file protein30.csv (CSV, C-alpha atoms and all ligand atoms)
chain,number,residue,atom,x,y,z
A,1,MET,CA,18.3,-3.8,-21.1
A,2,ASP,CA,17.6,-5.7,-17.9
A,3,PRO,CA,14.0,-6.9,-18.2
A,4,PHE,CA,13.6,-7.7,-14.5
A,5,LYS,CA,11.9,-5.1,-12.3
A,6,PHE,CA,11.9,-5.1,-8.5
A,7,GLY,CA,11.2,-2.7,-5.7
A,8,GLN,CA,8.5,-1.0,-7.8
A,9,VAL,CA,4.9,-1.6,-8.8
A,10,VAL,CA,4.7,-3.7,-12.0
A,11,SER,CA,1.9,-3.4,-14.4
A,12,GLY,CA,0.8,-4.2,-18.0
A,13,SER,CA,3.2,-6.6,-19.7
A,14,ASP,CA,5.5,-6.7,-16.6
A,15,PHE,CA,2.7,-8.1,-14.5
A,16,CYS,CA,2.7,-11.9,-14.6
A,17,PRO,CA,-1.0,-12.7,-14.8
A,18,ARG,CA,-2.7,-14.0,-11.6
A,19,PRO,CA,-6.2,-14.0,-13.0
A,20,GLU,CA,-8.1,-15.4,-10.1
A,21,LEU,CA,-6.9,-12.9,-7.6
A,22,THR,CA,-7.2,-10.1,-10.0
A,23,GLN,CA,-10.9,-11.1,-10.7
A,24,THR,CA,-11.6,-11.3,-7.0
A,25,VAL,CA,-10.3,-7.8,-6.4
A,26,MET,CA,-12.1,-6.4,-9.4
A,27,GLY,CA,-15.3,-8.1,-8.3
A,28,TYR,CA,-15.1,-6.5,-4.8
A,29,ILE,CA,-14.4,-3.1,-6.2
A,30,ASN,CA,-17.4,-3.3,-8.5
A,31,GLN,CA,-19.6,-4.2,-5.5
A,32,GLY,CA,-18.2,-1.3,-3.4
A,33,GLN,CA,-17.0,-4.0,-1.0
A,34,ASN,CA,-14.2,-2.9,1.3
A,35,MET,CA,-11.3,-5.3,1.5
A,36,TYR,CA,-8.0,-5.8,3.2
A,37,VAL,CA,-5.2,-7.2,1.1
A,38,GLN,CA,-2.6,-9.1,3.1
A,39,GLY,CA,0.5,-10.9,2.2
A,40,GLU,CA,4.3,-11.0,2.9
A,41,ARG,CA,6.6,-8.2,1.9
A,42,ARG,CA,7.3,-7.9,-1.9
A,43,ILE,CA,4.8,-10.6,-2.7
A,44,GLY,CA,2.9,-8.3,-5.1
A,45,LYS,CA,0.0,-6.7,-3.1
A,46,THR,CA,0.3,-3.2,-4.5
A,47,SER,CA,0.9,-4.4,-8.1
A,48,LEU,CA,-2.2,-6.6,-7.8
A,49,ILE,CA,-4.4,-3.7,-6.6
A,50,PHE,CA,-3.2,-1.4,-9.3
A,51,GLU,CA,-3.6,-4.1,-12.0
A,52,ALA,CA,-7.2,-4.7,-10.9
A,53,CYS,CA,-7.9,-0.9,-10.9
A,54,ARG,CA,-6.2,-0.4,-14.3
A,55,ARG,CA,-8.4,-3.1,-15.8
A,56,LEU,CA,-11.5,-1.6,-14.5
A,57,LYS,CA,-10.6,1.7,-16.2
A,58,LYS,CA,-13.4,4.0,-15.1
A,59,TYR,CA,-12.3,4.5,-11.5
A,60,ARG,CA,-10.5,7.4,-10.0
A,61,ILE,CA,-7.9,6.3,-7.6
A,62,VAL,CA,-7.0,8.0,-4.4
A,63,TYR,CA,-3.7,6.2,-3.3
A,64,VAL,CA,-2.5,6.9,0.2
A,65,ASP,CA,0.8,5.3,1.4
A,66,LEU,CA,0.8,5.1,5.2
A,67,PHE,CA,4.4,4.0,5.4
A,68,GLY,CA,5.9,5.5,8.5
A,69,VAL,CA,3.0,7.7,9.6
A,70,LYS,CA,3.3,8.8,13.2
A,71,SER,CA,0.5,11.2,13.7
A,72,SER,CA,-3.0,12.0,12.6
A,73,ASP,CA,-1.6,15.3,11.2
A,74,ILE,CA,0.7,13.4,8.8
A,75,LEU,CA,-2.1,10.9,7.9
A,76,ALA,CA,-4.6,13.7,7.1
A,77,LYS,CA,-2.0,15.5,5.0
A,78,ARG,CA,-1.1,12.3,3.1
A,79,ILE,CA,-4.8,11.9,2.2
A,80,VAL,CA,-5.0,15.5,1.1
A,81,LYS,CA,-1.9,15.1,-1.0
A,82,ALA,CA,-3.3,11.9,-2.6
A,83,ILE,CA,-6.6,13.7,-3.5
A,84,ILE,CA,-4.8,16.7,-5.0
A,85,SER,CA,-2.4,14.4,-6.9
A,86,MET,CA,-5.3,12.4,-8.3
A,87,GLU,CA,-6.9,15.6,-9.5
A,88,GLN,CA,-3.7,16.9,-10.9
A,89,LYS,CA,-3.1,13.7,-12.8
A,90,GLU,CA,-6.5,13.8,-14.3
A,91,ASN,CA,-6.8,17.4,-15.4
A,92,GLY,CA,-3.2,18.5,-15.5
A,93,VAL,CA,-4.4,21.5,-13.5
A,94,PHE,CA,-5.4,22.2,-10.0
A,95,THR,CA,-9.0,23.0,-9.6
A,96,LYS,CA,-11.5,22.3,-6.9
A,97,MET,CA,-9.4,20.4,-4.4
A,98,PHE,CA,-6.6,22.8,-4.6
A,99,LYS,CA,-9.0,25.6,-3.6
A,100,THR,CA,-10.7,23.6,-0.9
A,101,PHE,CA,-7.4,23.0,0.8
A,102,SER,CA,-6.1,26.5,0.3
A,103,TYR,CA,-5.8,26.9,4.1
A,104,LEU,CA,-3.1,24.3,4.0
A,105,ARG,CA,-1.3,26.4,1.3
A,106,PRO,CA,-0.8,23.6,-1.1
A,107,SER,CA,2.1,24.1,-3.5
A,108,PHE,CA,3.1,22.1,-6.5
A,109,SER,CA,6.6,21.6,-7.7
A,110,ILE,CA,8.7,19.5,-10.0
A,111,ASP,CA,11.7,18.1,-8.2
A,112,PRO,CA,14.7,19.5,-9.9
A,113,ILE,CA,16.7,16.3,-9.5
A,114,THR,CA,14.2,13.6,-10.2
A,115,GLY,CA,11.8,15.6,-12.4
A,116,LEU,CA,8.9,14.1,-10.5
A,117,PRO,CA,5.9,16.2,-9.4
A,118,SER,CA,5.1,16.6,-5.8
A,119,VAL,CA,2.6,18.4,-3.6
A,120,SER,CA,3.6,20.1,-0.4
A,121,LEU,CA,1.5,21.5,2.4
A,122,ASP,CA,2.1,24.0,5.1
A,123,ALA,CA,3.8,22.2,7.9
A,124,THR,CA,2.7,24.8,10.5
A,125,VAL,CA,-1.0,24.1,10.0
A,126,ARG,CA,-1.8,21.1,12.2
A,127,MET,CA,-4.5,18.6,11.2
A,128,THR,CA,-6.5,16.5,13.7
A,129,PRO,CA,-8.5,13.3,13.5
A,130,ASP,CA,-11.6,15.6,12.9
A,131,ASP,CA,-9.9,16.9,9.8
A,132,ILE,CA,-9.5,13.3,8.5
A,133,GLU,CA,-13.3,13.1,8.8
A,134,THR,CA,-13.8,16.2,6.7
A,135,VAL,CA,-11.3,14.9,4.1
A,136,LEU,CA,-13.1,11.5,3.9
A,137,ASP,CA,-16.4,13.4,3.3
A,138,LEU,CA,-14.7,15.2,0.5
A,139,ILE,CA,-13.7,11.9,-1.2
A,140,ALA,CA,-17.3,10.9,-1.1
A,141,ALA,CA,-18.2,14.3,-2.7
A,142,ILE,CA,-15.8,14.0,-5.6
A,143,LYS,CA,-17.2,10.7,-6.9
A,144,THR,CA,-19.7,10.7,-9.7
A,145,ALA,CA,-21.8,7.9,-11.3
A,146,LYS,CA,-19.5,8.0,-14.3
A,147,LYS,CA,-16.3,8.3,-12.3
A,148,PRO,CA,-16.5,6.3,-9.1
A,149,VAL,CA,-13.7,6.3,-6.6
A,150,ILE,CA,-11.4,3.7,-5.1
A,151,VAL,CA,-9.4,4.6,-2.1
A,152,ILE,CA,-6.3,2.6,-1.4
A,153,PHE,CA,-4.6,2.8,2.0
A,154,ASP,CA,-1.3,1.0,1.5
A,155,GLU,CA,0.9,-0.2,4.4
A,156,PHE,CA,-2.2,0.3,6.5
A,157,GLN,CA,-0.8,-1.5,9.5
A,158,ASP,CA,1.4,1.6,10.1
A,159,VAL,CA,-1.8,3.4,11.3
A,160,LEU,CA,-1.2,1.6,14.6
A,161,SER,CA,2.0,3.7,15.1
A,162,ILE,CA,-0.1,6.9,15.4
A,163,LYS,CA,-0.2,8.1,18.9
A,164,ASP,CA,-4.0,8.3,19.1
A,165,SER,CA,-4.5,5.4,16.7
A,166,ASP,CA,-7.7,4.2,18.5
A,167,GLU,CA,-9.4,7.5,18.1
A,168,THR,CA,-8.2,7.8,14.5
A,169,LEU,CA,-9.3,4.3,13.5
A,170,ALA,CA,-12.7,4.8,15.2
A,171,MET,CA,-13.3,8.0,13.3
A,172,MET,CA,-12.2,6.5,10.0
A,173,ARG,CA,-14.5,3.5,10.5
A,174,SER,CA,-17.5,5.6,11.4
A,175,LYS,CA,-17.1,7.5,8.1
A,176,ILE,CA,-16.2,4.7,5.9
A,177,GLN,CA,-19.1,2.4,6.9
A,178,PHE,CA,-21.6,4.9,5.5
A,179,GLN,CA,-19.8,5.3,2.2
A,180,SER,CA,-21.2,2.0,0.9
A,181,ASP,CA,-20.6,2.9,-2.8
A,182,ILE,CA,-16.9,3.5,-2.4
A,183,ALA,CA,-14.5,0.6,-2.3
A,184,TYR,CA,-11.8,1.0,0.3
A,185,ILE,CA,-8.7,-1.2,0.0
A,186,PHE,CA,-6.4,-1.6,2.9
A,187,ALA,CA,-3.1,-3.3,2.1
A,188,GLY,CA,-0.5,-4.5,4.6
A,189,SER,CA,2.3,-6.9,5.1
A,190,LEU,CA,2.6,-7.3,8.8
A,191,ARG,CA,0.2,-10.1,9.5
A,192,ASN,CA,-0.2,-9.7,13.2
A,193,LYS,CA,-0.8,-6.0,13.0
A,194,MET,CA,-3.3,-6.3,10.2
A,195,ASP,CA,-5.1,-9.0,12.2
A,196,GLU,CA,-5.1,-6.6,15.2
A,197,ILE,CA,-7.0,-4.1,13.0
A,198,PHE,CA,-9.4,-6.4,11.2
A,199,ILE,CA,-9.9,-9.5,13.3
A,200,ASP,CA,-9.6,-8.3,16.9
A,201,PRO,CA,-13.2,-7.8,18.2
A,202,ASP,CA,-12.1,-4.7,20.1
A,203,SER,CA,-10.9,-3.0,17.0
A,204,PRO,CA,-13.1,-0.4,15.4
A,205,PHE,CA,-12.3,-2.1,12.0
A,206,PHE,CA,-13.4,-5.5,13.3
A,207,LYS,CA,-15.2,-7.3,10.4
A,208,SER,CA,-15.3,-4.2,8.3
A,209,ALA,CA,-13.6,-5.6,5.3
A,210,VAL,CA,-13.1,-8.9,3.6
A,211,LEU,CA,-9.7,-10.6,3.4
A,212,VAL,CA,-7.8,-10.9,0.1
A,213,ALA,CA,-4.8,-13.1,0.9
A,214,VAL,CA,-1.9,-12.7,-1.5
A,215,GLY,CA,0.5,-15.6,-1.7
A,216,PRO,CA,3.3,-16.5,-4.1
A,217,LEU,CA,2.6,-16.3,-7.8
A,218,ALA,CA,1.7,-19.6,-9.5
A,219,LYS,CA,5.1,-21.3,-10.0
A,220,THR,CA,4.6,-22.6,-13.5
A,221,GLU,CA,3.3,-19.2,-14.8
A,222,PHE,CA,6.0,-17.3,-13.1
A,223,LYS,CA,8.7,-19.6,-14.3
A,224,GLY,CA,7.4,-19.2,-17.9
A,225,TYR,CA,7.5,-15.4,-17.5
A,226,ILE,CA,11.1,-15.5,-16.3
A,227,ILE,CA,12.3,-18.0,-19.0
A,228,LYS,CA,10.7,-15.8,-21.7
A,229,ARG,CA,12.5,-12.7,-20.4
A,230,PHE,CA,15.9,-14.5,-20.4
A,231,ARG,CA,15.2,-15.9,-23.8
A,232,ASN,CA,14.3,-12.6,-25.3
A,233,GLY,CA,17.7,-11.4,-24.1
A,234,GLY,CA,19.4,-14.4,-25.7
A,235,ARG,CA,19.9,-16.3,-22.5
A,236,ARG,CA,18.8,-19.8,-21.5
A,237,ILE,CA,17.9,-20.9,-18.0
A,238,LYS,CA,17.0,-24.4,-16.9
A,239,ASP,CA,14.2,-25.5,-14.7
A,240,ASP,CA,16.3,-26.8,-11.8
A,241,ILE,CA,18.2,-23.4,-11.7
A,242,LEU,CA,14.9,-21.7,-11.4
A,243,ASP,CA,13.9,-24.0,-8.6
A,244,ARG,CA,17.1,-23.0,-6.7
A,245,ILE,CA,16.3,-19.3,-7.2
A,246,PHE,CA,12.7,-19.7,-6.0
A,247,GLU,CA,14.0,-21.5,-2.9
A,248,ILE,CA,16.7,-19.0,-2.0
A,249,ALA,CA,14.3,-16.1,-2.6
A,250,GLY,CA,11.7,-17.8,-0.4
A,251,ASN,CA,9.2,-17.8,-3.2
A,252,ILE,CA,8.7,-14.1,-3.0
A,253,ALA,CA,8.0,-12.4,-6.4
A,254,GLY,CA,10.1,-9.3,-5.8
A,255,ASP,CA,13.1,-11.2,-4.4
A,256,ILE,CA,13.0,-13.7,-7.3
A,257,GLN,CA,13.0,-10.8,-9.8
A,258,GLN,CA,15.9,-9.2,-7.9
A,259,PHE,CA,17.8,-12.5,-8.2
A,260,CYS,CA,17.1,-12.8,-11.9
A,261,SER,CA,18.2,-9.2,-12.4
A,262,ALA,CA,21.6,-10.0,-10.8
A,263,LEU,CA,21.9,-13.1,-13.0
A,264,TRP,CA,21.1,-11.0,-16.0
A,265,THR,CA,23.8,-8.5,-15.0
A,266,ILE,CA,26.5,-11.2,-14.7
A,267,SER,CA,25.6,-12.9,-18.0
A,268,SER,CA,25.7,-12.1,-21.7
A,269,THR,CA,23.8,-12.8,-24.8
A,270,GLY,CA,24.2,-16.4,-25.9
A,271,ASP,CA,24.9,-17.6,-22.3
A,272,SER,CA,23.3,-20.5,-20.7
A,273,ILE,CA,22.8,-19.8,-17.0
A,274,GLU,CA,24.2,-22.6,-14.9
A,275,GLN,CA,24.6,-23.5,-11.2
A,276,ASP,CA,27.9,-21.7,-10.8
A,277,ASN,CA,26.2,-18.4,-11.8
A,278,ILE,CA,24.1,-18.6,-8.6
A,279,PRO,CA,26.9,-17.7,-6.1
A,280,LYS,CA,28.1,-15.0,-8.5
A,281,ALA,CA,24.7,-13.4,-8.6
A,282,LEU,CA,24.4,-13.6,-4.9
A,283,GLU,CA,27.8,-11.9,-4.4
A,284,LEU,CA,26.5,-9.1,-6.6
A,285,ILE,CA,23.4,-8.7,-4.4
A,286,PHE,CA,25.6,-8.8,-1.2
A,287,ALA,CA,28.0,-6.2,-2.6
A,288,ARG,CA,25.0,-3.9,-3.0
A,289,GLU,CA,23.2,-4.8,0.3
A,290,SER,CA,25.8,-5.8,2.8
A,291,LYS,CA,26.0,-2.3,4.3
A,292,VAL,CA,22.4,-2.7,5.4
A,293,TYR,CA,23.0,-6.1,6.9
A,294,GLU,CA,26.0,-4.8,8.8
A,295,ALA,CA,24.0,-1.9,10.1
A,296,ASP,CA,21.3,-4.3,11.3
A,297,ILE,CA,23.9,-6.4,13.1
A,298,ASP,CA,25.3,-3.3,14.8
A,299,THR,CA,22.0,-2.6,16.4
A,300,ILE,CA,21.5,-6.1,17.9
A,301,SER,CA,23.0,-7.8,20.9
A,302,GLU,CA,25.3,-10.8,20.9
A,303,GLN,CA,22.5,-13.2,21.9
A,304,GLN,CA,20.1,-11.7,19.3
A,305,PHE,CA,22.9,-12.2,16.7
A,306,ILE,CA,23.4,-15.8,17.8
A,307,CYS,CA,19.7,-16.5,17.4
A,308,LEU,CA,19.6,-14.9,14.0
A,309,ASN,CA,22.6,-16.8,12.8
A,310,GLY,CA,21.0,-20.0,14.2
A,311,ILE,CA,17.8,-19.4,12.2
A,312,ALA,CA,19.9,-18.9,9.1
A,313,GLY,CA,21.7,-22.1,9.6
A,314,TYR,CA,19.2,-24.4,11.2
A,315,GLY,CA,15.9,-23.0,9.9
A,316,GLY,CA,13.2,-21.0,11.7
A,317,LYS,CA,11.1,-23.8,13.2
A,318,GLU,CA,11.0,-25.1,16.8
A,319,LEU,CA,13.3,-22.5,18.1
A,320,THR,CA,12.7,-23.3,21.8
A,321,SER,CA,13.4,-27.0,21.4
A,322,SER,CA,16.4,-28.4,23.3
A,323,ARG,CA,18.0,-29.3,19.9
A,324,PHE,CA,18.0,-25.7,18.7
A,325,LEU,CA,19.2,-24.4,22.1
A,326,MET,CA,22.0,-26.9,22.0
A,327,ASN,CA,22.9,-26.0,18.4
A,328,ILE,CA,23.3,-22.3,19.1
A,329,GLY,CA,24.7,-22.7,22.6
A,330,ILE,CA,22.1,-20.6,24.5
A,331,PRO,CA,20.8,-22.5,27.5
A,332,SER,CA,17.4,-20.9,28.1
A,333,SER,CA,14.4,-20.8,25.8
A,334,ALA,CA,13.2,-17.6,27.5
A,335,SER,CA,16.4,-15.9,26.3
A,336,VAL,CA,15.7,-17.1,22.7
A,337,LEU,CA,12.1,-15.8,22.9
A,338,LYS,CA,13.3,-12.5,24.1
A,339,ALA,CA,15.8,-12.3,21.3
A,340,LEU,CA,13.2,-13.3,18.7
A,341,GLU,CA,10.8,-10.6,20.0
A,342,ARG,CA,13.5,-7.9,19.5
A,343,LEU,CA,14.4,-9.2,16.0
A,344,ILE,CA,10.7,-9.1,15.0
A,345,LYS,CA,10.4,-5.6,16.3
A,346,LEU,CA,13.4,-4.5,14.2
A,347,ARG,CA,11.6,-6.2,11.3
A,348,ILE,CA,14.7,-8.4,10.6
A,349,ILE,CA,12.5,-11.5,10.9
A,350,PHE,CA,8.8,-12.2,11.0
A,351,LYS,CA,6.6,-15.1,12.1
A,352,SER,CA,4.7,-17.0,9.5
A,353,GLY,CA,2.6,-19.8,11.0
A,354,ASN,CA,5.0,-21.7,13.2
A,355,GLU,CA,8.1,-20.6,11.4
A,356,TYR,CA,10.4,-17.5,11.8
A,357,LYS,CA,11.6,-16.2,8.5
A,358,PHE,CA,14.0,-13.5,7.4
A,359,THR,CA,12.3,-10.4,6.0
A,360,ASN,CA,15.0,-10.3,3.4
A,361,PRO,CA,16.0,-13.8,2.3
A,362,PHE,CA,19.3,-12.4,0.9
A,363,PHE,CA,20.3,-11.4,4.5
A,364,ARG,CA,20.0,-15.1,5.4
A,365,ALA,CA,22.0,-16.2,2.4
A,366,TRP,CA,24.7,-13.6,3.3
A,367,LEU,CA,24.9,-14.9,6.9
A,368,LEU,CA,25.4,-18.4,5.5
A,369,TYR,CA,28.0,-17.1,3.0
A,370,LYS,CA,29.9,-15.3,5.7
A,371,ASN,CA,29.8,-18.5,7.9
A,372,PHE,CA,30.1,-16.5,11.1
A,401,LIG,N1,2.3,-10.1,-10.9
A,401,LIG,C1,3.6,-9.9,-10.8
A,401,LIG,N2,4.4,-10.3,-11.9
A,401,LIG,C2,5.7,-10.1,-11.8
A,401,LIG,N3,6.4,-9.6,-10.8
A,401,LIG,C3,5.7,-9.3,-9.7
A,401,LIG,C4,4.3,-9.4,-9.7
A,401,LIG,N4,3.9,-8.9,-8.5
A,401,LIG,C5,5.0,-8.5,-7.8
A,401,LIG,N5,6.1,-8.7,-8.6
A,401,LIG,C6,7.5,-8.4,-8.1
A,401,LIG,O1,7.4,-8.1,-6.8
A,401,LIG,C7,7.9,-6.7,-6.6
A,401,LIG,C8,7.1,-6.1,-5.5
A,401,LIG,O2,5.8,-5.9,-5.9
A,401,LIG,P1,4.8,-5.0,-5.1
A,401,LIG,O3,5.4,-3.7,-4.7
A,401,LIG,O4,3.5,-5.0,-5.8
A,401,LIG,O5,4.7,-5.9,-3.8
A,401,LIG,P2,4.1,-5.6,-2.3
A,401,LIG,O6,3.6,-6.9,-1.8
A,401,LIG,O7,3.2,-4.4,-2.4
A,401,LIG,O8,5.4,-5.2,-1.6
A,401,LIG,P3,5.6,-4.3,-0.3
A,401,LIG,O9,5.4,-5.2,0.8
A,401,LIG,O10,7.1,-3.9,-0.3
A,401,LIG,O11,4.7,-3.2,-0.3
A,401,LIG,C9,7.8,-6.1,-8.0
A,401,LIG,O12,8.7,-5.0,-8.2
A,401,LIG,C10,8.1,-7.3,-8.9
A,401,LIG,O13,9.4,-7.5,-8.9
A,402,MG,MG,3.2,-2.6,-1.5
call {"tool": "encode", "arguments": {"input": "protein30.csv", "output": "structure tokens"}}
result
Amino acid sequence: MDPFKFGQVVSGSDFCPRPELTQTVMGYINQGQNMYVQGERRIGKTSLIFEACRRLKKYRIVYVDLFGVKSSDILAKRIVKAIISMEQKENGVFTKMFKTFSYLRPSFSIDPITGLPSVSLDATVRMTPDDIETVLDLIAAIKTAKKPVIVIFDEFQDVLSIKDSDETLAMMRSKIQFQSDIAYIFAGSLRNKMDEIFIDPDSPFFKSAVLVAVGPLAKTEFKGYIIKRFRNGGRRIKDDILDRIFEIAGNIAGDIQQFCSALWTISSTGDSIEQDNIPKALELIFARESKVYEADIDTISEQQFICLNGIAGYGGKELTSSRFLMNIGIPSSASVLKALERLIKLRIIFKSGNEYKFTNPFFRAWLLYKNF
């Protein structure tokens, strides 16, 4: 069976140890210190947080994913669902919280296709920022000395997409700051948006949490983890091949695992993985993902495409230099900047320091492969 997991939280033996970061997060949780966990997409933020919580054992976890929230109604309901789910997981039955939220007519069901449990709430009852306040009070009320609570707001940057985000953030901050014995963890991948929330002096969350920066896994440890998995499946892989994989995948844990999974699929027991397996594995990834790349290309203009293709070919640094403009055949740096802005908005690329990078490194590899 394919031992490489990607696109999901990894824990236990699937979690390649990163002891320092895990200890830092555990330490902050124990102190009731709020933190914001920031790092690139698929670098391992959510897995790190869950691993730290798992190791601390005694905590109850309220996990709220803010991905795509657009209103305070949706946000409040996600928190309610997270509280009910936590209680359900613990007791197997609905008790206090289920009753508390009876006005939202919570219902519990098992999805007939996936078999996964889910909670749904009455869509016609609208919740407001004030309700979020009440819900946060409730979280404080469910904690006990024996069973303290950790609240995780994942993809927290998406709170900025809420129409009245200022009001919502101000209200959340005013509650959270008095709950000194609850550790709140805010995780997010869009650096500029997270900075807007935690570093901008005008933001209600200014200086309200300490930063935990998540970078790539330590290379030696992660290589060892991968080699062992291939070896357990009767395959060998050399160090220089691993270096290529890390490079193509931009050093991102999730993308490295995706690449290894493709290499696993195209190889068999007894094989030694060689250079020529790399293009084959990439082709497998492209076959699965190229529809998404094509859809992205359909939504951008010709100039934006030229810029994107230019970044793939020439790298993402100094994109307003005359050399880059000449290379891609666009005369004005203003046009390039406008194109970059749009590509960032579409989340096709992002800025990391002074470099523009592809959100999905395989999209870049595909453009090079297509040689447009
Ligand atoms: N400690 C780890 N050991 C091994 N693989 C890891 C580790 N952390 C992350 N990964 C790999 O990265 C993938 C993504 O992990 P995770 O969802 O925790 O990242 P994330 O930063 O929260 O991603 P996103 O930005 O999509 O929310 C995992 O499925 C796994 O392939
Ligand atoms: Mg995550």
call {"tool": "closest_atom_pairs", "arguments": {"input": "protein30.csv", "of": "chain A", "to": "ligand MG 402 (chain A)", "cutoff": "9 Å", "atoms": "all atoms listed in the file", "output": "CSV"}}
result
residue,atom,partner,partner_atom,distance
A:Gln8,CA,A:MG402,MG,8.4
A:Val9,CA,A:MG402,MG,7.6
A:Arg41,CA,A:MG402,MG,7.4
A:Arg42,CA,A:MG402,MG,6.7
A:Ile43,CA,A:MG402,MG,8.2
A:Gly44,CA,A:MG402,MG,6.7
A:Lys45,CA,A:MG402,MG,5.4
A:Thr46,CA,A:MG402,MG,4.2
A:Ser47,CA,A:MG402,MG,7.2
A:Asp65,CA,A:MG402,MG,8.8
A:Asp154,CA,A:MG402,MG,6.5
A:Glu155,CA,A:MG402,MG,6.8
A:Ala187,CA,A:MG402,MG,7.3
A:Gly188,CA,A:MG402,MG,7.4
A:Ser189,CA,A:MG402,MG,7.9
call {"tool": "closest_residue", "arguments": {"input": "protein30.csv", "among": "A:Ala334, A:Leu282, A:Ala253, A:Met171", "to": "ligand LIG 401 (chain A)", "atoms": "only C-alpha atoms and all ligand atoms"}}
result
A:Ala253
call {"tool": "residues_around", "arguments": {"input": "protein30.csv", "residues": "Lys146 (chain A)", "least_positions_apart": "3", "cutoff": "9 Å", "atoms": "all atoms listed in the file", "output": "PyMOL selection string"}}
result
chain A and resi 58-59+143
call {"tool": "closest_atom_pairs", "arguments": {"input": "protein30.csv", "of": "chain A", "to": "ligand LIG 401 (chain A)", "cutoff": "10 Å", "atoms": "all atoms listed in the file", "output": "tab-separated table"}}
result
residue	atom	partner	partner_atom	distance
A:Phe4	CA	A:LIG401	O13	7.0
A:Lys5	CA	A:LIG401	O13	4.9
A:Phe6	CA	A:LIG401	O12	3.2
A:Gly7	CA	A:LIG401	O12	4.2
A:Gln8	CA	A:LIG401	O12	4.0
A:Val9	CA	A:LIG401	O3	4.6
A:Val10	CA	A:LIG401	C9	5.6
A:Ser11	CA	A:LIG401	N1	7.6
A:Gly12	CA	A:LIG401	N2	9.3
A:Ser13	CA	A:LIG401	N2	8.7
A:Asp14	CA	A:LIG401	C2	5.9
A:Phe15	CA	A:LIG401	N2	3.8
A:Cys16	CA	A:LIG401	N2	3.6
A:Pro17	CA	A:LIG401	N1	5.7
A:Arg18	CA	A:LIG401	N1	6.4
A:Pro19	CA	A:LIG401	N1	9.6
A:Thr22	CA	A:LIG401	N1	9.5
A:Val37	CA	A:LIG401	O6	9.3
A:Gln38	CA	A:LIG401	O6	8.2
A:Gly39	CA	A:LIG401	O6	6.5
A:Glu40	CA	A:LIG401	O9	6.3
A:Arg41	CA	A:LIG401	O9	3.4
A:Arg42	CA	A:LIG401	O8	3.3
A:Ile43	CA	A:LIG401	O6	4.0
A:Gly44	CA	A:LIG401	O5	3.3
A:Lys45	CA	A:LIG401	O6	3.8
A:Thr46	CA	A:LIG401	O7	3.8
A:Ser47	CA	A:LIG401	O4	3.5
A:Leu48	CA	A:LIG401	O4	6.2
A:Ile49	CA	A:LIG401	O4	8.0
A:Phe50	CA	A:LIG401	O4	8.4
A:Glu51	CA	A:LIG401	N1	8.5
A:Asp65	CA	A:LIG401	O11	9.5
A:Phe67	CA	A:LIG401	O11	9.2
A:Asp154	CA	A:LIG401	O11	7.5
A:Glu155	CA	A:LIG401	O11	6.7
A:Ala187	CA	A:LIG401	O7	7.8
A:Gly188	CA	A:LIG401	O9	7.1
A:Ser189	CA	A:LIG401	O9	5.6
A:Leu190	CA	A:LIG401	O9	8.7
A:Val214	CA	A:LIG401	O6	8.0
A:Gly215	CA	A:LIG401	O6	9.2
A:Pro216	CA	A:LIG401	N4	8.8
A:Leu217	CA	A:LIG401	N1	6.9
A:Ala218	CA	A:LIG401	N1	9.6
A:Glu221	CA	A:LIG401	N2	9.4
A:Phe222	CA	A:LIG401	N2	7.3
A:Tyr225	CA	A:LIG401	C2	8.0
A:Ile226	CA	A:LIG401	C2	8.9
A:Ile252	CA	A:LIG401	O1	7.2
A:Ala253	CA	A:LIG401	O1	4.4
A:Gly254	CA	A:LIG401	O1	3.1
A:Asp255	CA	A:LIG401	O13	6.9
A:Ile256	CA	A:LIG401	O13	7.3
A:Gln257	CA	A:LIG401	O13	5.0
A:Gln258	CA	A:LIG401	O13	6.8
A:Phe259	CA	A:LIG401	O13	9.8
A:Cys260	CA	A:LIG401	O13	9.8
A:Ser261	CA	A:LIG401	O13	9.6
call {"tool": "atom_distance", "arguments": {"input": "protein30.csv", "atom1": "CA of Ser120 (chain A)", "atom2": "CA of Leu138 (chain A)"}}
result
19.0 Å
call {"tool": "residues_around", "arguments": {"input": "protein30.csv", "residues": "Asp240 (chain A)", "least_positions_apart": "4", "cutoff": "9 Å", "atoms": "only C-alpha atoms", "output": "list in words"}}
result
Arg244, Ile245 and Gln275 of chain A
call {"tool": "atom_distance", "arguments": {"input": "protein30.csv", "atom1": "CA of Ala145 (chain A)", "atom2": "CA of Val119 (chain A)"}}
result
27.7 Å
call {"tool": "residues_around", "arguments": {"input": "protein30.csv", "residues": "region 196-203 of chain A", "least_positions_apart": "6", "cutoff": "12 Å", "atoms": "all atoms listed in the file", "output": "PyMOL selection string"}}
result
chain A and resi 34-38+156-160+165-173+186-188+190+209-211
call {"tool": "residues_around", "arguments": {"input": "protein30.csv", "residues": "Gly329 (chain A)", "least_positions_apart": "5", "cutoff": "10 Å", "atoms": "all atoms listed in the file", "output": "list in words"}}
result
Gln303, Ile306, Cys307, Gly310, Arg323 and Phe324 of chain A
call {"tool": "write_last_selection", "arguments": {"input": "protein30.csv", "atoms": "C-alpha atoms", "output": "mmCIF file, in the coordinates of the input"}}
result
data_model
loop_
_atom_site.group_PDB
_atom_site.id
_atom_site.type_symbol
_atom_site.label_atom_id
_atom_site.label_comp_id
_atom_site.auth_asym_id
_atom_site.auth_seq_id
_atom_site.Cartn_x
_atom_site.Cartn_y
_atom_site.Cartn_z
ATOM 1 C CA GLN A 303 22.500 -13.200 21.900
ATOM 2 C CA ILE A 306 23.400 -15.800 17.800
ATOM 3 C CA CYS A 307 19.700 -16.500 17.400
ATOM 4 C CA GLY A 310 21.000 -20.000 14.200
ATOM 5 C CA ARG A 323 18.000 -29.300 19.900
ATOM 6 C CA PHE A 324 18.000 -25.700 18.700
#
